[in-house]
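S.K.: data_36.txt (compact mmCIF, C-alpha atoms) pasted underneath:
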# COMPACT_ATOMS: atom_id res chain seq x y z
CA MET C 14 0.00 0.00 0.00
CA ASN C 15 1.16 3.46 -0.78
CA ILE C 16 3.07 4.91 2.16
CA LEU C 17 1.14 8.17 1.80
CA ILE C 18 -2.20 6.45 2.21
CA LEU C 19 -0.90 4.69 5.29
CA ARG C 20 0.20 8.00 6.76
CA TRP C 21 -3.18 9.57 6.06
CA LEU C 22 -4.99 6.64 7.60
CA ALA C 23 -2.82 6.84 10.70
CA LEU C 24 -3.51 10.56 11.00
CA ALA C 25 -7.22 9.99 10.46
CA PHE C 26 -7.27 7.33 13.16
CA VAL C 27 -5.60 9.65 15.64
CA LEU C 28 -7.97 12.51 14.80
CA CYS C 29 -10.99 10.21 14.93
CA THR C 30 -9.96 8.93 18.36
CA LEU C 31 -9.35 12.45 19.62
CA MET C 32 -12.73 13.66 18.40
CA PHE C 33 -14.47 10.69 19.98
CA LEU C 34 -12.76 11.29 23.31
CA LEU C 35 -13.48 15.01 23.19
CA SER C 36 -17.13 14.38 22.39
CA GLY C 37 -17.29 12.24 25.55
CA CYS C 38 -16.05 15.19 27.57
CA PHE C 39 -18.96 17.30 26.38
CA PHE C 40 -21.75 14.83 27.24
CA PRO C 41 -23.44 16.59 30.14
CA GLY C 42 -25.13 15.10 33.16
CA GLY C 43 -22.61 12.43 33.96
CA GLY C 44 -23.59 12.59 37.61
CA TYR C 45 -26.99 11.22 36.72
CA GLY C 46 -25.63 8.31 34.71
CA TYR C 47 -27.04 10.09 31.72
CA ASP C 48 -26.03 10.15 28.11
CA ASP C 49 -28.03 11.06 25.08
CA GLY C 50 -27.86 7.65 23.46
CA GLY C 51 -25.58 8.92 20.74
CA GLY C 52 -28.03 11.55 19.61
CA ILE C 53 -31.28 9.61 19.64
CA GLY C 54 -33.82 9.10 22.29
CA ALA C 55 -32.48 9.41 25.77
CA ALA C 56 -30.64 7.04 28.01
CA TYR C 57 -30.10 7.45 31.69
CA TYR C 58 -29.69 5.27 34.71
CA GLU C 59 -30.90 6.29 38.14
CA PRO C 60 -28.70 6.01 41.20
CA PRO C 61 -29.18 2.60 42.80
CA GLY C 62 -31.73 1.77 45.42
CA PHE C 63 -35.22 3.02 44.71
CA ASP C 64 -36.64 2.97 48.20
CA TYR C 65 -40.41 2.64 48.21
CA GLY C 66 -40.85 1.81 51.86
CA GLY C 67 -42.76 4.09 54.14
CA TRP C 68 -45.94 4.49 52.12
CA GLY C 69 -48.01 4.57 55.26
CA HIS C 70 -51.70 5.16 55.74
CA GLY C 71 -52.72 8.34 53.96
CA TYR C 72 -49.90 8.22 51.43
CA GLN C 73 -51.88 8.50 48.20
CA VAL C 74 -50.63 9.15 44.70
CA ALA C 75 -53.60 8.65 42.35
CA PRO C 76 -55.85 11.31 40.83
CA PHE C 77 -59.36 11.97 42.07
CA ARG C 78 -62.32 10.69 40.17
CA GLY C 79 -64.51 13.13 38.27
CA GLY C 80 -67.22 14.61 40.46
CA ASP C 81 -65.25 14.34 43.69
CA HIS C 82 -65.44 17.55 45.66
CA ARG C 83 -62.32 19.58 46.22
CA PRO C 84 -60.93 18.55 49.60
CA THR C 85 -59.36 20.80 52.16
CA SER C 86 -55.65 20.32 52.72
CA ARG C 87 -54.74 19.24 56.23
CA GLY C 88 -51.04 18.71 56.00
CA GLY C 89 -49.78 21.63 54.00
CA ARG C 90 -49.16 25.17 55.04
CA ALA C 91 -52.07 27.52 54.57
CA SER C 92 -50.22 30.55 53.29
CA ALA C 93 -47.02 31.84 51.70
CA ARG C 94 -46.81 29.00 49.20
CA ALA C 95 -44.14 28.92 46.54
CA TYR C 96 -46.74 28.12 43.87
CA ARG C 97 -50.00 29.81 42.89
CA SER C 98 -52.86 27.77 44.23
CA ALA C 99 -55.73 27.10 41.81
CA PRO C 100 -58.67 29.45 42.38
CA THR C 101 -61.13 28.06 44.91
CA SER C 102 -63.85 28.32 42.27
CA HIS C 103 -62.11 25.60 40.25
CA SER C 104 -63.32 22.11 41.03
CA MET C 105 -60.94 19.21 41.52
CA PRO C 106 -59.96 17.91 38.05
CA SER C 107 -59.69 14.26 37.15
CA ILE C 108 -58.13 12.39 34.25
CA PRO C 109 -59.95 12.19 30.90
CA SER C 110 -63.00 9.93 31.09
CA HIS C 111 -63.81 9.41 27.43
CA SER C 112 -62.43 6.41 25.62
CA ARG C 113 -60.87 6.49 22.17
CA SER C 114 -64.15 5.38 20.61
CA GLY C 115 -65.82 8.49 21.95
CA GLY C 116 -67.94 7.24 24.84
CA LEU C 117 -67.27 6.65 28.50
CA ARG C 118 -65.31 3.48 29.09
CA SER C 119 -67.35 0.68 30.53
CA ARG C 120 -66.39 -2.76 31.69
CA MET R 42 -0.61 18.20 -22.72
CA ALA R 43 2.43 16.76 -20.93
CA GLY R 44 2.40 16.43 -17.16
CA ILE R 45 4.74 15.73 -14.32
CA LYS R 46 4.06 13.98 -11.01
CA CYS R 47 5.35 15.24 -7.69
CA ILE R 48 7.21 12.43 -5.95
CA HIS R 49 6.02 13.58 -2.51
CA CYS R 50 2.31 13.84 -2.93
CA ASN R 51 1.42 12.41 -6.32
CA PHE R 52 0.24 15.84 -7.42
CA VAL R 53 0.19 15.94 -11.21
CA GLU R 54 0.89 19.26 -12.78
CA THR R 55 1.32 20.44 -16.31
CA LEU R 56 4.88 21.11 -17.24
CA GLU R 57 4.04 24.57 -18.42
CA LYS R 58 2.60 25.60 -15.06
CA GLN R 59 5.71 24.29 -13.35
CA GLY R 60 7.92 26.29 -15.66
CA ILE R 61 9.47 23.15 -17.18
CA THR R 62 10.12 23.21 -20.83
CA PHE R 63 9.32 19.90 -22.49
CA ASP R 64 12.01 19.09 -25.00
CA GLY R 65 10.05 16.39 -26.74
CA LYS R 66 12.86 13.81 -26.42
CA THR R 67 11.64 11.78 -23.49
CA GLY R 68 8.12 11.74 -24.90
CA GLY R 69 6.43 11.46 -21.49
CA ILE R 70 6.60 12.43 -17.87
CA PRO R 71 10.14 13.47 -16.97
CA ILE R 72 11.84 11.16 -14.50
CA SER R 73 13.23 13.17 -11.67
CA ARG R 74 13.36 12.07 -8.03
CA SER R 75 13.94 15.64 -6.95
CA PHE R 76 10.90 17.20 -8.61
CA LYS R 77 8.59 18.97 -6.21
CA HIS R 78 5.65 20.93 -7.63
CA LYS R 79 5.24 24.61 -6.85
CA GLY R 80 3.47 25.26 -3.57
CA HIS R 81 4.16 21.75 -2.36
CA ASN R 82 3.19 21.44 1.28
CA PRO R 83 2.85 17.80 2.25
CA PHE R 84 1.73 18.46 5.82
CA LEU R 85 -1.05 20.87 4.85
CA ARG R 86 -2.38 18.64 2.11
CA GLN R 87 -2.18 15.41 4.10
CA GLY R 88 -3.48 17.10 7.22
CA LEU R 89 -6.56 18.41 5.45
CA LEU R 90 -7.29 15.04 3.93
CA ALA R 91 -6.78 13.30 7.26
CA LEU R 92 -9.07 15.78 8.97
CA LEU R 93 -11.74 15.17 6.36
CA LEU R 94 -11.34 11.42 6.80
CA GLY R 95 -11.46 11.79 10.58
CA VAL R 96 -14.66 13.81 10.48
CA VAL R 97 -16.27 11.28 8.16
CA CYS R 98 -15.24 8.45 10.51
CA ALA R 99 -16.42 10.26 13.63
CA MET R 100 -19.76 11.46 12.29
CA PRO R 101 -21.64 8.19 12.80
CA VAL R 102 -20.46 8.09 16.40
CA MET R 103 -21.14 11.72 17.21
CA ALA R 104 -24.43 12.20 15.45
CA ALA R 105 -26.24 8.91 15.09
CA GLN R 106 -29.57 10.28 13.95
CA ILE R 107 -31.67 7.25 13.33
CA GLN R 108 -35.25 7.43 12.26
CA LEU R 109 -37.73 7.11 15.11
CA PRO R 110 -41.46 6.99 14.49
CA ALA R 111 -43.78 9.78 15.56
CA ILE R 112 -45.45 9.30 18.93
CA ILE R 113 -48.86 9.49 17.27
CA GLU R 114 -50.13 8.42 13.86
CA PRO R 115 -51.91 10.01 12.11
CA ALA R 116 -50.98 13.51 13.20
CA SER R 117 -53.34 14.84 15.85
CA GLN R 118 -52.90 18.62 15.61
CA GLU R 119 -53.56 18.65 19.38
CA HIS R 120 -51.19 20.24 21.86
CA HIS R 121 -51.39 19.67 25.61
CA VAL R 122 -48.52 21.39 27.36
CA GLY R 123 -47.57 19.60 30.56
CA LYS R 124 -49.13 16.29 29.60
CA LEU R 125 -47.13 13.06 29.83
CA ILE R 126 -46.95 12.06 26.17
CA PHE R 127 -44.19 9.46 25.96
CA VAL R 128 -41.85 7.34 28.07
CA GLU R 129 -38.54 5.67 27.36
CA LEU R 130 -36.80 2.90 29.23
CA VAL R 131 -33.07 2.40 29.29
CA THR R 132 -32.14 -1.20 29.94
CA PRO R 133 -29.00 -3.34 29.85
CA ASP R 134 -30.84 -6.27 28.22
CA LEU R 135 -33.21 -5.19 25.48
CA ALA R 136 -34.32 -8.69 24.52
CA ALA R 137 -35.22 -9.63 28.09
CA ALA R 138 -36.99 -6.30 28.68
CA LYS R 139 -39.07 -6.80 25.55
CA LYS R 140 -40.02 -10.28 26.69
CA PHE R 141 -41.06 -8.97 30.12
CA TYR R 142 -43.24 -6.10 28.89
CA ALA R 143 -44.72 -8.15 26.07
CA GLY R 144 -45.72 -10.82 28.57
CA LEU R 145 -47.09 -8.29 31.04
CA PHE R 146 -49.00 -5.85 28.87
CA GLY R 147 -49.16 -7.49 25.44
CA TRP R 148 -46.91 -4.86 23.89
CA THR R 149 -45.41 -5.62 20.50
CA PHE R 150 -42.10 -4.22 19.31
CA ARG R 151 -40.39 -2.89 16.24
CA ASP R 152 -36.61 -2.97 16.39
CA ILE R 153 -34.64 0.00 15.18
CA GLN R 154 -30.87 -0.25 14.99
CA ASP R 155 -28.27 2.12 13.73
CA GLY R 156 -24.61 1.77 14.43
CA GLY R 157 -24.18 0.83 18.06
CA THR R 158 -27.63 2.02 19.15
CA LYS R 159 -30.37 -0.55 19.71
CA TYR R 160 -33.86 0.85 20.11
CA ALA R 161 -37.22 -0.89 20.24
CA GLU R 162 -40.47 0.94 19.72
CA ALA R 163 -43.30 -0.58 21.79
CA PHE R 164 -46.86 -0.66 20.47
CA LEU R 165 -50.24 -1.54 21.90
CA ASP R 166 -52.96 -2.18 19.34
CA GLY R 167 -50.84 -0.41 16.75
CA ARG R 168 -50.32 2.71 18.85
CA PRO R 169 -46.84 3.68 20.08
CA VAL R 170 -46.70 3.41 23.87
CA ALA R 171 -43.00 3.51 24.73
CA GLY R 172 -39.42 3.34 23.54
CA LEU R 173 -36.80 0.95 24.91
CA ILE R 174 -33.10 1.72 24.59
CA HIS R 175 -30.27 -0.72 25.14
CA LYS R 176 -27.37 0.60 27.19
CA ASN R 177 -24.76 -1.37 29.03
CA VAL R 178 -23.90 -0.45 32.58
CA PRO R 179 -20.17 -0.51 33.33
CA ALA R 180 -19.47 -2.86 36.20
CA SER R 181 -17.84 -0.03 38.10
CA GLU R 182 -21.02 2.06 38.04
CA HIS R 183 -23.83 1.31 40.44
CA ARG R 184 -26.81 2.40 38.39
CA GLN R 185 -30.20 0.94 37.70
CA PRO R 186 -32.55 1.19 34.73
CA ALA R 187 -35.38 3.70 34.82
CA TRP R 188 -38.26 5.01 32.78
CA LEU R 189 -37.82 8.57 31.52
CA SER R 190 -40.97 10.72 31.28
CA PHE R 191 -41.53 13.09 28.36
CA PHE R 192 -43.84 16.07 28.90
CA ALA R 193 -45.40 17.99 26.02
CA VAL R 194 -44.16 21.48 25.27
CA GLY R 195 -44.67 23.78 22.31
CA ASP R 196 -41.11 25.10 22.17
CA VAL R 197 -38.25 23.05 23.60
CA ASP R 198 -35.74 25.88 23.44
CA ALA R 199 -38.07 28.23 25.29
CA ALA R 200 -38.68 25.49 27.88
CA LYS R 201 -34.93 25.12 28.30
CA LYS R 202 -34.58 28.80 29.04
CA VAL R 203 -37.35 28.76 31.65
CA ALA R 204 -36.10 25.52 33.23
CA LEU R 205 -32.54 26.74 33.61
CA GLN R 206 -33.66 30.13 34.93
CA ASN R 207 -35.58 28.31 37.65
CA GLY R 208 -32.86 26.02 38.89
CA ALA R 209 -32.99 23.00 36.59
CA LYS R 210 -29.88 21.29 35.29
CA MET R 211 -29.48 20.54 31.61
CA LEU R 212 -28.75 16.84 30.95
CA SER R 213 -29.24 16.81 27.20
CA GLU R 214 -29.33 19.92 25.03
CA PRO R 215 -32.38 20.41 22.79
CA HIS R 216 -32.00 18.29 19.70
CA SER R 217 -34.28 17.30 16.84
CA ILE R 218 -35.08 13.73 15.88
CA PRO R 219 -36.52 13.19 12.42
CA ASP R 220 -40.27 12.46 12.54
CA ARG R 221 -40.29 12.46 16.36
CA GLY R 222 -39.81 16.13 17.14
CA ARG R 223 -37.49 18.18 19.31
CA GLU R 224 -36.57 17.10 22.82
CA ALA R 225 -34.33 17.90 25.77
CA VAL R 226 -33.65 16.32 29.16
CA PHE R 227 -33.32 18.06 32.52
CA ALA R 228 -33.00 17.41 36.21
CA ASP R 229 -35.39 19.61 38.18
CA PRO R 230 -34.13 21.68 41.15
CA GLN R 231 -34.59 18.67 43.46
CA GLY R 232 -32.82 16.30 41.06
CA ALA R 233 -35.74 14.42 39.49
CA VAL R 234 -34.98 13.70 35.83
CA PHE R 235 -37.56 14.51 33.15
CA ALA R 236 -37.69 15.29 29.44
CA VAL R 237 -39.69 17.68 27.30
CA LEU R 238 -40.81 16.91 23.78
CA ALA R 239 -42.32 19.09 21.07
CA SER R 240 -43.91 16.36 19.03
CA SER R 241 -43.82 16.78 15.25
CA ASN R 242 -47.19 15.08 14.88
CA GLY R 243 -48.93 16.82 17.76
CA ASP R 244 -49.82 15.26 21.10
CA PRO R 245 -51.99 12.21 21.81
CA PRO R 246 -55.61 13.14 22.49
CA ASP R 247 -56.99 13.45 26.02
CA VAL R 248 -58.75 10.11 26.34
CA LEU R 249 -58.94 7.55 29.12
CA ALA R 250 -55.99 5.18 28.91
CA ALA R 251 -56.73 1.59 27.98
CA PRO R 252 -55.19 -1.27 29.97
CA GLY R 253 -51.54 -1.46 29.00
CA GLU R 254 -51.24 2.29 28.36
CA TRP R 255 -49.73 4.93 30.63
CA ILE R 256 -52.44 6.52 32.71
CA TRP R 257 -50.77 8.59 35.44
CA ILE R 258 -47.53 10.00 36.75
CA SER R 259 -46.43 11.13 40.20
CA LEU R 260 -43.45 13.09 41.36
CA ILE R 261 -41.98 11.87 44.62
CA THR R 262 -39.74 14.57 45.98
CA GLY R 263 -38.23 16.08 49.07
CA ASP R 264 -39.89 19.45 48.54
CA PRO R 265 -43.30 19.19 46.83
CA GLU R 266 -44.05 22.87 47.20
CA THR R 267 -40.89 24.14 45.52
CA ASN R 268 -41.15 21.46 42.87
CA ALA R 269 -44.78 22.32 42.15
CA ALA R 270 -43.79 25.96 41.73
CA PHE R 271 -41.04 24.94 39.30
CA TYR R 272 -43.34 22.84 37.12
CA GLN R 273 -46.08 25.46 37.33
CA THR R 274 -43.66 28.00 35.89
CA LEU R 275 -42.54 25.57 33.22
CA PHE R 276 -45.89 24.09 32.14
CA ASP R 277 -48.38 26.67 33.47
CA TYR R 278 -50.08 24.06 35.66
CA GLU R 279 -52.90 24.73 38.07
CA VAL R 280 -51.91 23.44 41.50
CA PHE R 281 -54.43 21.85 43.90
CA GLU R 282 -53.70 20.92 47.50
CA LEU R 283 -54.69 17.45 48.60
CA PRO R 284 -55.17 15.95 52.06
CA ALA R 285 -51.99 14.45 53.46
CA SER R 286 -50.75 13.08 56.73
CA GLU R 287 -48.95 15.38 59.12
CA GLY R 288 -45.55 16.45 57.87
CA ALA R 289 -46.29 15.42 54.30
CA GLN R 290 -47.61 17.39 51.37
CA HIS R 291 -49.67 16.05 48.50
CA LEU R 292 -50.38 18.25 45.48
CA LEU R 293 -52.08 17.76 42.13
CA LEU R 294 -50.97 19.41 38.89
CA ALA R 295 -53.54 20.10 36.18
CA SER R 296 -53.79 21.63 32.73
CA ASP R 297 -56.61 21.88 30.19
CA ASN R 298 -58.96 21.10 33.13
CA TYR R 299 -57.45 17.61 33.46
CA ALA R 300 -55.34 16.20 36.26
CA ARG R 301 -51.84 15.61 34.87
CA ALA R 302 -49.69 14.53 37.81
CA SER R 303 -49.45 14.29 41.57
CA VAL R 304 -46.61 15.53 43.74
CA ASN R 305 -45.85 13.67 46.96
CA THR R 306 -43.37 14.11 49.75
CA LEU R 307 -40.67 11.45 49.93
CA PRO R 308 -41.56 9.20 52.84
CA ALA R 309 -39.64 10.08 55.97
CA ASN R 310 -36.72 7.98 57.19
CA ARG R 311 -35.82 6.69 53.73
CA PRO R 312 -32.20 7.80 53.34
CA ASN R 313 -31.74 5.96 50.05
CA ALA R 314 -34.78 7.47 48.38
CA HIS R 315 -34.19 10.24 45.88
CA PRO R 316 -36.59 12.53 43.99
CA HIS R 317 -37.97 10.97 40.81
CA TRP R 318 -40.98 10.72 38.53
CA LEU R 319 -42.94 7.47 38.66
CA ASN R 320 -45.14 6.44 35.72
CA TYR R 321 -48.24 4.25 36.11
CA VAL R 322 -49.69 1.83 33.58
CA CYS R 323 -53.45 1.30 33.50
CA VAL R 324 -54.43 -2.23 34.51
CA GLU R 325 -57.74 -3.96 35.05
CA ASP R 326 -56.66 -5.81 38.19
CA THR R 327 -53.67 -4.59 40.16
CA VAL R 328 -53.43 -7.70 42.35
CA LYS R 329 -53.38 -10.07 39.38
CA MET R 330 -50.86 -7.91 37.55
CA THR R 331 -48.45 -7.76 40.49
CA ALA R 332 -48.53 -11.56 40.60
CA LYS R 333 -47.78 -11.58 36.89
CA VAL R 334 -44.87 -9.19 37.40
CA VAL R 335 -43.32 -11.61 39.89
CA ALA R 336 -43.96 -14.59 37.60
CA LEU R 337 -42.12 -12.78 34.80
CA GLY R 338 -39.08 -12.07 36.95
CA GLY R 339 -39.94 -8.64 38.35
CA ARG R 340 -40.62 -7.71 41.95
CA VAL R 341 -43.15 -5.79 43.98
CA LEU R 342 -41.96 -2.57 45.65
CA VAL R 343 -45.31 -1.40 47.06
CA GLU R 344 -48.03 -3.99 47.55
CA PRO R 345 -51.45 -3.24 46.00
CA ARG R 346 -53.35 -0.71 48.08
CA ILE R 347 -56.53 1.29 47.72
CA ASP R 348 -55.87 4.87 46.71
CA ARG R 349 -57.98 8.02 46.72
CA HIS R 350 -59.74 7.21 43.44
CA GLY R 351 -61.16 3.99 44.82
CA GLY R 352 -58.94 1.64 42.84
CA LYS R 353 -55.75 -0.18 43.73
CA VAL R 354 -52.25 1.01 42.94
CA ALA R 355 -48.97 -0.83 43.29
CA VAL R 356 -45.34 -0.12 42.48
CA VAL R 357 -43.30 -2.84 40.82
CA ALA R 358 -39.91 -3.20 39.16
CA ASP R 359 -38.97 -5.06 36.01
CA PRO R 360 -36.28 -7.79 36.16
CA PHE R 361 -33.55 -5.15 35.86
CA GLY R 362 -34.93 -2.90 38.57
CA ALA R 363 -36.73 -0.19 36.56
CA PRO R 364 -39.70 0.87 38.72
CA PHE R 365 -43.17 1.69 37.43
CA GLY R 366 -46.65 1.82 38.87
CA LEU R 367 -49.81 -0.15 38.21
CA LEU R 368 -53.09 1.71 38.57
CA GLU R 369 -56.58 0.34 38.05
CA TRP R 370 -59.35 2.78 37.20
CA PRO R 371 -62.60 1.08 38.22
CA ASP R 372 -66.11 2.12 37.39
CA THR R 373 -67.78 4.38 39.92
CA GLU R 374 -69.98 1.52 41.10
CA SER R 375 -67.00 -0.56 42.18
CA LYS R 376 -65.15 2.26 43.89
CA GLU R 377 -63.58 1.22 47.19
CA VAL R 378 -62.80 3.48 50.10
CA PRO R 379 -59.31 3.52 51.63
CA LYS R 380 -59.35 1.97 55.09
Can you dump the structure from the file as structure tokens?

M.R.:
Amino acid sequence: MNILILRWLALAFVLCTLMFLLSGCFFPGGGYGYDDGGGIGAAYYEPPGFDYGGWGHGYQVAPFRGGDHRPTSRGGRASARAYRSAPTSHSMPSIPSHSRSGGLRSR
Amino acid sequence: MAGIKCIHCNFVETLEKQGITFDGKTGGIPISRSFKHKGHNPFLRQGLLALLLGVVCAMPVMAAQIQLPAIIEPASQEHHVGKLIFVELVTPDLAAAKKFYAGLFGWTFRDIQDGGTKYAEAFLDGRPVAGLIHKNVPASEHRQPAWLSFFAVGDVDAAKKVALQNGAKMLSEPHSIPDRGREAVFADPQGAVFAVLASSNGDPPDVLAAPGEWIWISLITGDPETNAAFYQTLFDYEVFELPASEGAQHLLLASDNYARASVNTLPANRPNAHPHWLNYVCVEDTVKMTAKVVALGGRVLVEPRIDRHGGKVAVVADPFGAPFGLLEWPDTESKEVPK
């Protein structure tokens, strides 16, 4: 093989390796075990040990059903909140109730 | 026209341009080991070519833009800012993950591979429900797979600006994916990871999820109030306070007059727990599905329990540890009351 081609290939290999390594330096979010999947989608790992213990009585995560009245908060602070509370005239929202076919889902 | 070849770089030049007078006796290219064409610069020429070759070689690695399907077909023309519109799982064993979720929810898959990236698009009844990405975990890193939640936005770059101004950390810069849309990934001020997506085909319509589809999402965090304020600024949510036990705070985030997510305080005395979003799949029977999870190699993290809507919820993990919730949405007649 021509010696010149060999030299170019060697240079290209070095440059390619350097660019690959440099690109690794610019992937942000390493502390989260995150990378961008090489430009598509997203790929991240969580730190180990999801700890789901301690969901005691009263620990609830689901939405309300439609028609449920808006409850009064007992555990939160009453004033000086960091967020804007929904107007009291707004009823408690639920998730969508209509199925894809247009009607209410029935079982 | 006669020519001459540079012995250093194979550059062929006409004799006239090199100032060489062809005497007509040799009848061809003059043989001279010392000929060097004018302007010869071997390092510049070889360097440029090597750089070009290097860029060409590196491009597939640095910008693997494979084709991903839209999250909704046909295009919906609907936009619901703040709605959970897609989820992606990163897993170290794509084949095993596909087998687990196919067995659990009846999902089917379409494999997409480009270069070193393996991606599987999950479908339920022909509708995209999730994306699964293969990614190895180095043995030295103690990480576990997780589902990443994508919230609808109209403008990813504008969302980035607002998120960063309000204490979020950028994990993946806004980038466009052909047919899918434009997306970016952040960690909120408490550290919970989430993504935003401006879908090219619009957002899925606001309909009740069918069994096997994502129905709900909750944020479990150390500071629900601050987090709610952050997401309210980002997605213009309405925030509703919910009853909670002493010392805890439960909030509900809504947009378009629909509940979109709940925000819950991390349970006390759980030093290993960290803020995160948890996605729930709609199921018809939470108890039966948790048993199925175990039979397929997963495990139960929170046993089925009645929640405020009158149906049971549970939290489970797939065989590689990625957590997700199961939530049944019963008819009003069968609503149970938490004890």

S.K.: For CA of Leu319 in chain R and CA of Phe365 in chain R, determine how far apart the two atoms are, in Å to one decimal place.

M.R.: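 Result for CA of Leu319 in chain R versus CA of Phe365 in chain R: 5.9 Å, one decimal.
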
S.K.: Calculate how many Å separate CA of Tyr299 in chain R from CA of Thr101 in chain C, rounding to one decimal.

M.R.: 15.9 Å

S.K.: Measure the distance from CA of Thr331 in chain R to CA of Gln290 in chain R in Å and round it to one decimal.

M.R.: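 Computed distance, CA of Thr331 in chain R to CA of Gln290 in chain R, equals 27.4 Å.
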
S.K.: Give the answer as one residue: which of R:Leu135, R:Val322, R:Lys333, R:Gly144 has the shortest atom-to-atom distance to Thr158 in chain R, using only C-alpha atoms?

M.R.: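 Using only C-alpha atoms, Thr158 in chain R sits closest to R:Leu135.
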
S.K.: Can you pull out every residue within 9 Å of Thr274 in chain R, counting only C-alpha atoms, but drop anything in the same chain fewer than 6 positions away, and send it as a list in words?

M.R.: Tyr96 of chain C; Val203, Ala204 and Asn207 of chain R

S.K.: Find the residues near Glu162 in chain R: any atom within 8 Å, counting only C-alpha atoms, skip ones fewer than 2 places away on the same chain, and give them as a list in words.

M.R.: Phe150, Arg151, Asp152, Ile153, Tyr160, Phe164, Pro169, Val170, Ala171, Gly172 and Leu173 of chain R

S.K.: Which is closest to chain R among C:Gly67, C:Gly79, C:Leu19, C:Ser114, if we use all atoms listed in the file?

M.R.: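 So, comparing all the options, the nearest one is C:Gly67.
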
S.K.: Would you be able to write out as a list in words which residues have an atom within 8 Å of (-33.3, 15.5, 27.4) in the file's coordinates, counting all atoms listed in the file?

M.R.: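 Answer for this query, in the requested form: Asp49 and Ala55 of chain C; Met211, Leu212, Ser213, Glu214, Pro215, Glu224, Ala225, Val226, Phe227, Phe235, Ala236 and Val237 of chain R.
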
S.K.: Select, from C:Ala23, C:Pro60, C:His103, C:Arg83, the residue with the minimum atom-to-atom distance to chain R, counting only C-alpha atoms.

M.R.: C:Pro60

S.K.: Please identify all polymer residues within 8 Å of Gly253 in chain R, counting all atoms listed in the file, omitting same-chain residues fewer than 4 positions from it, and present them as a ChimeraX atom specification.

M.R.: /R:146-148,165,322-324

S.K.: For a cutoff of 9 Å around the file-coordinate point (-59.7, 4.2, 31.3), which residues qualify once you count only C-alpha atoms? I'd like the result as number ranges by chain.

M.R.: C: 108-112, 117-119; R: 248-252, 256, 323-324, 369-371

S.K.: Can I get the selection written as a short mmCIF file (atom, residue, chain, number, x, y, z; two decimals), in the coordinates of the input, with C-alpha atoms?

M.R.:
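Below is the file that was written, out_39.cif:
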data_model
loop_
_atom_site.label_atom_id
_atom_site.label_comp_id
_atom_site.auth_asym_id
_atom_site.auth_seq_id
_atom_site.Cartn_x
_atom_site.Cartn_y
_atom_site.Cartn_z
CA ILE C 108 -58.13 12.39 34.25
CA PRO C 109 -59.95 12.19 30.90
CA SER C 110 -63.00 9.93 31.09
CA HIS C 111 -63.81 9.41 27.43
CA SER C 112 -62.43 6.41 25.62
CA LEU C 117 -67.27 6.65 28.50
CA ARG C 118 -65.31 3.48 29.09
CA SER C 119 -67.35 0.68 30.53
CA VAL R 248 -58.75 10.11 26.34
CA LEU R 249 -58.94 7.55 29.12
CA ALA R 250 -55.99 5.18 28.91
CA ALA R 251 -56.73 1.59 27.98
CA PRO R 252 -55.19 -1.27 29.97
CA ILE R 256 -52.44 6.52 32.71
CA CYS R 323 -53.45 1.30 33.50
CA VAL R 324 -54.43 -2.23 34.51
CA GLU R 369 -56.58 0.34 38.05
CA TRP R 370 -59.35 2.78 37.20
CA PRO R 371 -62.60 1.08 38.22
#

S.K.: With distances taken over all atoms listed in the file, which residue among C:Ser107, C:Pro100, C:Gly71, C:Pro76 lies nearest Thr306 in chain R?

M.R.: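 For Thr306 in chain R, the nearest of the given residues is C:Gly71.
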
S.K.: For Ala300 in chain R, work out the shell of residues within 9 Å, counting only C-alpha atoms and skipping chain neighbours fewer than 3 positions away, then give it as a ChimeraX atom specification.

M.R.: /C:76-77,105-109 /R:257,293-297,303

S.K.: Once you have the residues from the selection above, write them out as a PDB file, in the frame of the given file, restricted to C-alpha atoms.

M.R.:
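Saved file again38.pdb follows:
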ATOM      1  CA  PRO C  76     -55.850  11.310  40.830  1.00  0.00           C
ATOM      2  CA  PHE C  77     -59.360  11.970  42.070  1.00  0.00           C
ATOM      3  CA  MET C 105     -60.940  19.210  41.520  1.00  0.00           C
ATOM      4  CA  PRO C 106     -59.960  17.910  38.050  1.00  0.00           C
ATOM      5  CA  SER C 107     -59.690  14.260  37.150  1.00  0.00           C
ATOM      6  CA  ILE C 108     -58.130  12.390  34.250  1.00  0.00           C
ATOM      7  CA  PRO C 109     -59.950  12.190  30.900  1.00  0.00           C
TER       8      PRO C 109
ATOM      9  CA  TRP R 257     -50.770   8.590  35.440  1.00  0.00           C
ATOM     10  CA  LEU R 293     -52.080  17.760  42.130  1.00  0.00           C
ATOM     11  CA  LEU R 294     -50.970  19.410  38.890  1.00  0.00           C
ATOM     12  CA  ALA R 295     -53.540  20.100  36.180  1.00  0.00           C
ATOM     13  CA  SER R 296     -53.790  21.630  32.730  1.00  0.00           C
ATOM     14  CA  ASP R 297     -56.610  21.880  30.190  1.00  0.00           C
ATOM     15  CA  SER R 303     -49.450  14.290  41.570  1.00  0.00           C
TER      16      SER R 303
END

S.K.: For chain C, which residue among R:Gly351, R:Pro364, R:Pro284, R:Gly157 is the nearest when counting all atoms listed in the file?

M.R.: R:Pro284

S.K.: Which of these, R:Gly232, R:Pro133, R:Gly243, R:Pro308, has the shortest distance to chain C once you count all atoms listed in the file?

M.R.: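 Checking each of R:Gly232, R:Pro133, R:Gly243, R:Pro308 against chain C, counting all atoms listed in the file, the winner is R:Pro308.
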
S.K.: Work out where the centre of an axis-aligned box around every listed atom of range 176-195 of chain R lies and how long its edges are once 6 Å is added on each side; give both in Å to one decimal as lines of an AutoDock Vina configuration file.

M.R.:
center_x = -31.6
center_y = 10.5
center_z = 31.4
size_x = 39.6
size_y = 38.6
size_z = 30.1
